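> Below is the file model-v8.txt, with compact mmCIF, C-alpha atoms and all ligand atoms.
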```
# COMPACT_ATOMS: atom_id res chain seq x y z
CA MET A 1 9.52 -17.35 13.46
CA THR A 2 6.50 -15.22 12.61
CA VAL A 3 4.85 -16.19 9.34
CA ARG A 4 3.38 -13.24 7.49
CA ARG A 5 1.03 -13.62 4.52
CA TYR A 6 2.08 -11.56 1.56
CA LEU A 7 -0.11 -8.65 0.54
CA ILE A 8 -0.11 -7.61 -3.10
CA ALA A 9 -1.89 -4.27 -3.30
CA GLY A 10 -2.76 -2.40 -6.48
CA ASN A 11 -2.97 1.39 -6.39
CA TRP A 12 -4.95 2.39 -9.46
CA LYS A 13 -4.44 6.10 -8.71
CA MET A 14 -6.55 8.35 -11.00
CA HIS A 15 -7.11 5.66 -13.63
CA CYS A 16 -10.11 3.66 -14.82
CA ARG A 17 -13.73 4.43 -15.42
CA ARG A 18 -16.54 2.16 -14.29
CA SER A 19 -16.42 -0.12 -17.36
CA ASP A 20 -12.70 -0.88 -17.53
CA GLY A 21 -12.33 -0.81 -13.73
CA THR A 22 -15.04 -3.38 -13.10
CA ALA A 23 -13.73 -5.51 -15.99
CA LEU A 24 -10.23 -5.52 -14.47
CA ALA A 25 -11.65 -6.32 -11.03
CA ALA A 26 -13.78 -9.17 -12.41
CA ASP A 27 -10.77 -10.57 -14.28
CA LEU A 28 -8.73 -10.69 -11.07
CA ALA A 29 -11.66 -12.12 -9.10
CA ALA A 30 -11.94 -14.96 -11.61
CA ARG A 31 -8.22 -15.73 -11.27
CA VAL A 32 -8.27 -15.75 -7.47
CA GLY A 33 -11.63 -17.43 -6.98
CA PRO A 34 -13.51 -17.67 -3.69
CA THR A 35 -10.66 -19.01 -1.55
CA PRO A 36 -7.65 -16.86 -0.64
CA ASP A 37 -4.38 -18.06 -2.12
CA PRO A 38 -2.34 -19.71 0.65
CA ARG A 39 0.53 -17.31 -0.05
CA PHE A 40 -1.00 -13.89 -0.55
CA ASP A 41 -3.91 -11.50 -0.19
CA LEU A 42 -4.79 -9.50 -3.29
CA LEU A 43 -6.09 -5.96 -2.81
CA ILE A 44 -7.13 -3.40 -5.42
CA CYS A 45 -7.57 0.28 -4.64
CA PRO A 46 -9.59 2.00 -7.37
CA PRO A 47 -10.60 5.67 -7.44
CA ALA A 48 -13.36 6.39 -4.93
CA THR A 49 -15.89 7.02 -7.70
CA ILE A 50 -15.83 3.37 -8.71
CA LEU A 51 -15.04 1.75 -5.36
CA ALA A 52 -18.59 0.46 -4.88
CA PRO A 53 -18.94 -1.17 -8.33
CA VAL A 54 -15.41 -2.59 -8.08
CA ALA A 55 -16.19 -4.01 -4.63
CA HIS A 56 -19.35 -5.47 -6.13
CA ALA A 57 -17.34 -7.00 -9.00
CA VAL A 58 -15.01 -8.82 -6.59
CA ALA A 59 -17.73 -9.86 -4.12
CA GLY A 60 -17.72 -13.61 -3.66
CA SER A 61 -14.02 -13.81 -4.52
CA ALA A 62 -11.05 -13.45 -2.19
CA VAL A 63 -9.99 -10.20 -3.87
CA LEU A 64 -10.22 -7.23 -1.51
CA ALA A 65 -11.07 -3.62 -2.36
CA GLY A 66 -9.63 -0.52 -0.74
CA GLY A 67 -9.49 3.27 -0.88
CA GLN A 68 -6.57 5.51 -1.81
CA ASP A 69 -7.02 8.17 0.87
CA CYS A 70 -9.47 9.23 3.56
CA HIS A 71 -10.27 12.18 5.79
CA ALA A 72 -9.49 12.05 9.49
CA GLN A 73 -13.05 12.94 10.51
CA ALA A 74 -16.04 10.61 10.29
CA GLN A 75 -18.30 13.32 8.83
CA GLY A 76 -18.66 17.06 8.58
CA ALA A 77 -18.17 20.13 6.41
CA HIS A 78 -15.23 18.87 4.33
CA THR A 79 -16.12 19.46 0.70
CA GLY A 80 -14.66 16.88 -1.62
CA ASP A 81 -13.28 14.67 1.14
CA ILE A 82 -14.25 11.11 1.93
CA ALA A 83 -14.48 9.60 5.42
CA ALA A 84 -12.97 6.21 6.18
CA GLU A 85 -16.46 5.14 7.24
CA MET A 86 -17.73 6.02 3.76
CA LEU A 87 -15.04 3.85 2.16
CA ALA A 88 -16.05 0.98 4.45
CA ASP A 89 -19.68 1.58 3.50
CA ALA A 90 -18.71 1.34 -0.19
CA GLY A 91 -17.02 -2.02 0.34
CA ALA A 92 -13.43 -1.18 1.29
CA SER A 93 -11.47 -3.24 3.77
CA SER A 94 -8.31 -1.08 3.61
CA VAL A 95 -7.19 2.41 2.77
CA ILE A 96 -3.83 3.77 1.64
CA VAL A 97 -2.74 6.81 3.64
CA GLY A 98 0.30 9.02 3.21
CA HIS A 99 1.15 8.05 -0.36
CA SER A 100 3.99 10.28 -1.53
CA GLU A 101 1.71 11.80 -4.16
CA ARG A 102 -0.56 12.93 -1.30
CA ARG A 103 2.38 14.08 0.82
CA THR A 104 3.75 16.10 -2.15
CA ASN A 105 0.70 17.22 -4.13
CA HIS A 106 -1.45 17.99 -1.08
CA ALA A 107 1.27 18.95 1.40
CA GLU A 108 0.20 16.18 3.77
CA THR A 109 2.27 15.98 6.94
CA SER A 110 2.92 12.90 9.05
CA THR A 111 0.67 14.40 11.74
CA LEU A 112 -2.22 14.60 9.29
CA ILE A 113 -1.49 11.10 7.99
CA LYS A 114 -1.50 9.74 11.54
CA GLY A 115 -5.00 11.19 11.91
CA LYS A 116 -6.09 9.54 8.69
CA ALA A 117 -4.61 6.19 9.76
CA ALA A 118 -6.41 6.52 13.10
CA ALA A 119 -9.62 7.17 11.18
CA ALA A 120 -9.06 3.99 9.18
CA LEU A 121 -8.75 1.99 12.39
CA ARG A 122 -11.84 3.69 13.82
CA ALA A 123 -13.79 2.64 10.70
CA GLY A 124 -12.58 -0.94 10.91
CA LEU A 125 -10.27 -0.58 7.90
CA THR A 126 -6.65 -1.66 7.59
CA ALA A 127 -4.43 1.40 7.23
CA ILE A 128 -1.67 1.06 4.64
CA VAL A 129 0.75 3.74 5.80
CA CYS A 130 3.22 4.85 3.13
CA VAL A 131 6.70 6.15 3.86
CA GLY A 132 9.68 6.84 1.62
CA GLU A 133 12.56 9.18 0.95
CA THR A 134 13.15 11.48 -2.01
CA GLU A 135 16.17 11.06 -4.24
CA ALA A 136 17.87 14.08 -2.67
CA GLU A 137 17.34 12.63 0.78
CA ARG A 138 18.91 9.33 -0.30
CA ASP A 139 21.79 11.05 -2.08
CA THR A 140 22.63 12.97 1.06
CA GLY A 141 22.55 9.88 3.27
CA ARG A 142 19.33 10.76 5.06
CA ALA A 143 17.00 8.05 3.72
CA GLU A 144 16.75 5.98 6.91
CA GLN A 145 16.41 9.05 9.11
CA VAL A 146 13.59 10.43 6.95
CA VAL A 147 11.70 7.13 6.80
CA ALA A 148 12.11 6.59 10.56
CA GLY A 149 10.69 10.04 11.18
CA GLN A 150 7.74 9.47 8.86
CA LEU A 151 7.03 6.16 10.58
CA SER A 152 7.07 7.48 14.13
CA GLY A 153 4.98 10.45 13.03
CA SER A 154 2.39 8.51 11.02
CA ILE A 155 1.64 5.26 12.87
CA PRO A 156 -1.50 5.76 14.98
CA ASP A 157 -2.12 4.72 18.56
CA GLY A 158 -3.65 1.27 18.70
CA ALA A 159 -1.83 0.04 15.60
CA THR A 160 -1.38 -3.72 15.36
CA ALA A 161 -0.41 -6.15 12.63
CA ALA A 162 -4.11 -6.83 12.12
CA ASN A 163 -5.03 -3.24 11.35
CA THR A 164 -1.87 -1.64 9.99
CA VAL A 165 0.47 -2.29 7.04
CA VAL A 166 3.55 -0.24 6.22
CA ALA A 167 4.49 0.45 2.60
CA TYR A 168 8.06 1.58 1.94
CA GLU A 169 8.02 3.50 -1.32
CA PRO A 170 11.11 5.49 -2.26
CA VAL A 171 9.65 8.53 -4.02
CA TRP A 172 12.25 8.38 -6.79
CA ALA A 173 11.29 4.80 -7.64
CA ILE A 174 7.57 5.46 -8.10
CA GLY A 175 6.56 5.34 -11.75
CA THR A 176 10.14 5.76 -12.94
CA GLY A 177 11.20 2.21 -13.74
CA ARG A 178 14.07 2.63 -11.26
CA THR A 179 14.40 0.61 -8.07
CA PRO A 180 16.85 0.62 -5.16
CA THR A 181 19.36 -2.20 -5.02
CA LEU A 182 18.09 -5.33 -3.32
CA ALA A 183 20.55 -4.63 -0.50
CA ASP A 184 19.11 -1.14 -0.03
CA ILE A 185 15.53 -2.48 0.05
CA ALA A 186 16.50 -5.16 2.57
CA ALA A 187 18.33 -2.65 4.75
CA MET A 188 15.38 -0.24 4.79
CA HIS A 189 12.87 -2.97 5.58
CA ALA A 190 15.04 -4.22 8.44
CA MET A 191 15.26 -0.67 9.79
CA ILE A 192 11.48 -0.27 9.53
CA ARG A 193 10.93 -3.58 11.35
CA ALA A 194 13.22 -2.45 14.16
CA LYS A 195 11.58 0.98 14.32
CA LEU A 196 8.13 -0.58 14.68
CA VAL A 197 9.09 -1.76 18.16
CA GLY A 198 7.31 0.66 20.43
CA LEU A 199 4.97 1.84 17.66
CA VAL A 200 2.89 -1.32 17.29
CA ALA A 201 2.04 -4.10 19.70
CA ASP A 202 3.37 -6.91 17.52
CA PRO A 203 6.13 -5.55 15.26
CA ASP A 204 7.25 -8.97 14.01
CA ALA A 205 3.81 -9.64 12.56
CA VAL A 206 3.34 -6.31 10.72
CA ARG A 207 3.44 -6.59 6.95
CA ILE A 208 5.95 -4.27 5.31
CA LEU A 209 5.37 -3.80 1.58
CA TYR A 210 7.84 -2.51 -0.95
CA GLY A 211 6.51 -0.14 -3.62
CA GLY A 212 8.17 1.60 -6.56
CA SER A 213 8.36 0.21 -10.11
CA VAL A 214 7.51 -3.36 -9.12
CA LYS A 215 6.86 -5.40 -12.27
CA PRO A 216 6.76 -9.07 -13.23
CA SER A 217 10.46 -9.08 -14.09
CA ASN A 218 11.67 -7.86 -10.67
CA ALA A 219 8.90 -9.08 -8.35
CA ALA A 220 10.45 -12.43 -7.40
CA GLU A 221 13.79 -11.01 -6.30
CA ILE A 222 12.14 -8.22 -4.29
CA LEU A 223 9.48 -10.43 -2.70
CA GLY A 224 12.17 -12.94 -1.83
CA LEU A 225 13.92 -10.50 0.51
CA ALA A 226 13.64 -10.86 4.27
CA ASP A 227 11.12 -8.43 5.77
CA VAL A 228 9.48 -7.75 2.39
CA ASP A 229 5.93 -8.97 2.94
CA GLY A 230 4.34 -7.84 -0.28
CA ALA A 231 4.20 -5.06 -2.81
CA LEU A 232 2.28 -1.85 -3.40
CA VAL A 233 1.99 -1.68 -7.17
CA GLY A 234 1.00 1.32 -9.27
CA GLY A 235 1.35 1.08 -13.05
CA ALA A 236 1.61 -2.70 -13.26
CA SER A 237 -1.62 -3.11 -11.26
CA LEU A 238 -3.61 -1.75 -14.20
CA LYS A 239 -2.88 -4.82 -16.31
CA ALA A 240 -4.40 -8.03 -14.97
CA ASP A 241 -1.65 -10.21 -16.45
CA ASP A 242 1.14 -8.13 -14.91
CA PHE A 243 -0.53 -7.75 -11.52
CA TRP A 244 -1.27 -11.45 -11.43
CA ALA A 245 2.30 -12.32 -12.43
CA ILE A 246 3.57 -10.18 -9.53
CA ALA A 247 1.30 -12.02 -7.12
CA GLN A 248 2.46 -15.35 -8.51
CA ALA A 249 6.05 -14.32 -7.73
CA CYS A 250 5.34 -14.56 -3.99
CA PRO A 251 7.56 -17.32 -2.56
C1 LIG B 1 2.75 3.68 -6.27
O1 LIG B 1 2.40 4.76 -6.71
O2 LIG B 1 2.34 3.30 -5.17
C2 LIG B 1 3.66 2.87 -7.07
C3 LIG B 1 4.37 1.98 -6.46
O3 LIG B 1 3.70 3.12 -8.42
P1 LIG B 1 4.55 2.30 -9.53
O4 LIG B 1 4.39 0.84 -9.23
O5 LIG B 1 3.95 2.69 -10.83
O6 LIG B 1 5.96 2.72 -9.39
```
What do you get writing this file as structure tokens?
Ligand code: PEP

Amino acid sequence: MTVRRYLIAGNWKMHCRRSDGTALAADLAARVGPTPDPRFDLLICPPATILAPVAHAVAGSAVLAGGQDCHAQAQGAHTGDIAAEMLADAGASSVIVGHSERRTNHAETSTLIKGKAAAALRAGLTAIVCVGETEAERDTGRAEQVVAGQLSGSIPDGATAANTVVAYEPVWAIGTGRTPTLADIAAMHAMIRAKLVGLVADPDAVRILYGGSVKPSNAAEILGLADVDGALVGGASLKADDFWAIAQACP
């Protein structure tokens, strides 16, 4: 049986300034210390403006820093965009791509996201590729079909368990306090695992995160499911106690 380390990833979205962001990062770094927990990796993804000071605040600890998005190109005339190489230069080890807020607010397609994930790999970053259905898609029985399509469209060539993580985030569960049933989460993660065959070299070893209203009170039951290898956490990642409690819920 393949043993996968849990990944607990915090997506800070458009929150935190330098002072509170570095304080939160330093708090988590002090809890984790210099040696990775045997159960999980802890990753925080602050806004790009404070990535460098946050990476500095966690340096020397086992806490990792990441970006929330990147451009597909390494450089060029792309006003306002940030290359994966620039995130790496600022101290990132990972980058989230294809978050539903990017897919919706910026009309990002799976083809574009595949290019961004490929850029992450090119820059030596781990790509955290997000997929997830809307409520209407679930209500009409198309959730698995939609997620399968996003996966096959977004996973880049050369993806392996070492450089790629999948995050299943039902759009309707993000920031709403609502979550799918445990059976629905387990079914979707099993489908994703099966779908990864042919998309990555080592599908059994790829970490598949669940995201969408994960909090201390539901983390243990979600993280205890087969094929759930961690969590992508939004709101609860902004409070050190809550984020830490979620990490501590890893089996
Ligand atoms: C997210 O945006 O990735 C997310 C999971 O948010 P929340 O935990 O707040 O639902």
> Taking all atoms listed in the file into account, which residues have an atom no farther than 10 Å from ligand LIG 1 (chain B)? I'd like them as an NGL selection string.
:A and (9-13 or 68 or 96 or 99-101 or 130 or 167-179 or 209-215 or 231-238)
> In Å, how far is it from CA of Met86 in chain A to CA of Phe243 in chain A?
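Between these atoms lies a distance of 26.8 Å.
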> Tell me, in Å to one decimal, how far CA of Glu137 in chain A is from CA of Asp227 in chain A.
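Result for CA of Glu137 in chain A versus CA of Asp227 in chain A: 22.5 Å, one decimal.
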> Excluding Ala219 in chain A and its own-chain neighbours fewer than 6 positions away, which residues fall within 10 Å of it when counting only C-alpha atoms? Please give them as a ChimeraX atom specification.
/A:210,213,230-231,245-250
> Skip Ser94 in chain A itself and residues of its chain fewer than 4 positions away, then list as a PyMOL selection string all residues within 12 Å of it, counting all atoms listed in the file.
chain A and resi 7+9-11+41-46+51+55+63-70+84-90+116-117+119-129+162-165
> Given all atoms listed in the file as the basis, pick out the residue of A:Arg103, A:His71, A:Arg39, A:Arg193 nearest to Leu223 in chain A.
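Ranked by minimum distance to Leu223 in chain A, first place goes to A:Arg39.
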> Name the closest residue to Thr160 in chain A among the candidates A:Ala118, A:Leu24, A:Leu182, A:Ala220; distances are taken between atoms, counting all atoms listed in the file.
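Using all atoms listed in the file, Thr160 in chain A sits closest to A:Ala118.
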> Using Å and a single decimal, report how far CA of His56 in chain A sits from CA of Ala25 in chain A.
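Calculated distance between CA of Ala25 in chain A and CA of His56 in chain A is 9.2 Å.
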> Which residues, written as a PyMOL selection string, have at least one atom at most 12 Å from Thr111 in chain A, with all atoms listed in the file counted and residues fewer than 3 positions away on the same chain left out?
chain A and resi 72+97-98+103+107-108+114-118+149-156
> How would the residues just picked look written out with C-alpha atoms as a short mmCIF file (atom, residue, chain, number, x, y, z; two decimals), in the frame of the given file?

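Generated output (out01.cif):
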```cif
data_model
loop_
_atom_site.label_atom_id
_atom_site.label_comp_id
_atom_site.auth_asym_id
_atom_site.auth_seq_id
_atom_site.Cartn_x
_atom_site.Cartn_y
_atom_site.Cartn_z
CA ALA A 72 -9.49 12.05 9.49
CA VAL A 97 -2.74 6.81 3.64
CA GLY A 98 0.30 9.02 3.21
CA ARG A 103 2.38 14.08 0.82
CA ALA A 107 1.27 18.95 1.40
CA GLU A 108 0.20 16.18 3.77
CA LYS A 114 -1.50 9.74 11.54
CA GLY A 115 -5.00 11.19 11.91
CA LYS A 116 -6.09 9.54 8.69
CA ALA A 117 -4.61 6.19 9.76
CA ALA A 118 -6.41 6.52 13.10
CA GLY A 149 10.69 10.04 11.18
CA GLN A 150 7.74 9.47 8.86
CA LEU A 151 7.03 6.16 10.58
CA SER A 152 7.07 7.48 14.13
CA GLY A 153 4.98 10.45 13.03
CA SER A 154 2.39 8.51 11.02
CA ILE A 155 1.64 5.26 12.87
CA PRO A 156 -1.50 5.76 14.98
#
```
> From the options A:Gly80, A:Gly33, A:Pro38, A:Gly198, which residue's atoms come nearest to Val58 in chain A, counting all atoms listed in the file?
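Between A:Gly80, A:Gly33, A:Pro38, A:Gly198, the residue approaching Val58 in chain A most closely is A:Gly33.
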> Here is a test: counting only C-alpha atoms, which residue of A:Thr2, A:Asp37, A:Thr49, A:Ala226 is nearest to Thr22 in chain A?
A:Thr49
> Rank A:Ala48, A:Ala190, A:Ala26, A:Ala74 by their smallest atom-to-atom distance to Ala62 in chain A, using all atoms listed in the file, and report the top residue only.
A:Ala26
> From the list A:Ala77, A:Val228, A:Val166, A:Ile82, which residue is nearest Leu196 in chain A when using all atoms listed in the file?
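Of A:Ala77, A:Val228, A:Val166, A:Ile82, the one nearest Leu196 in chain A is A:Val166, counting all atoms listed in the file.
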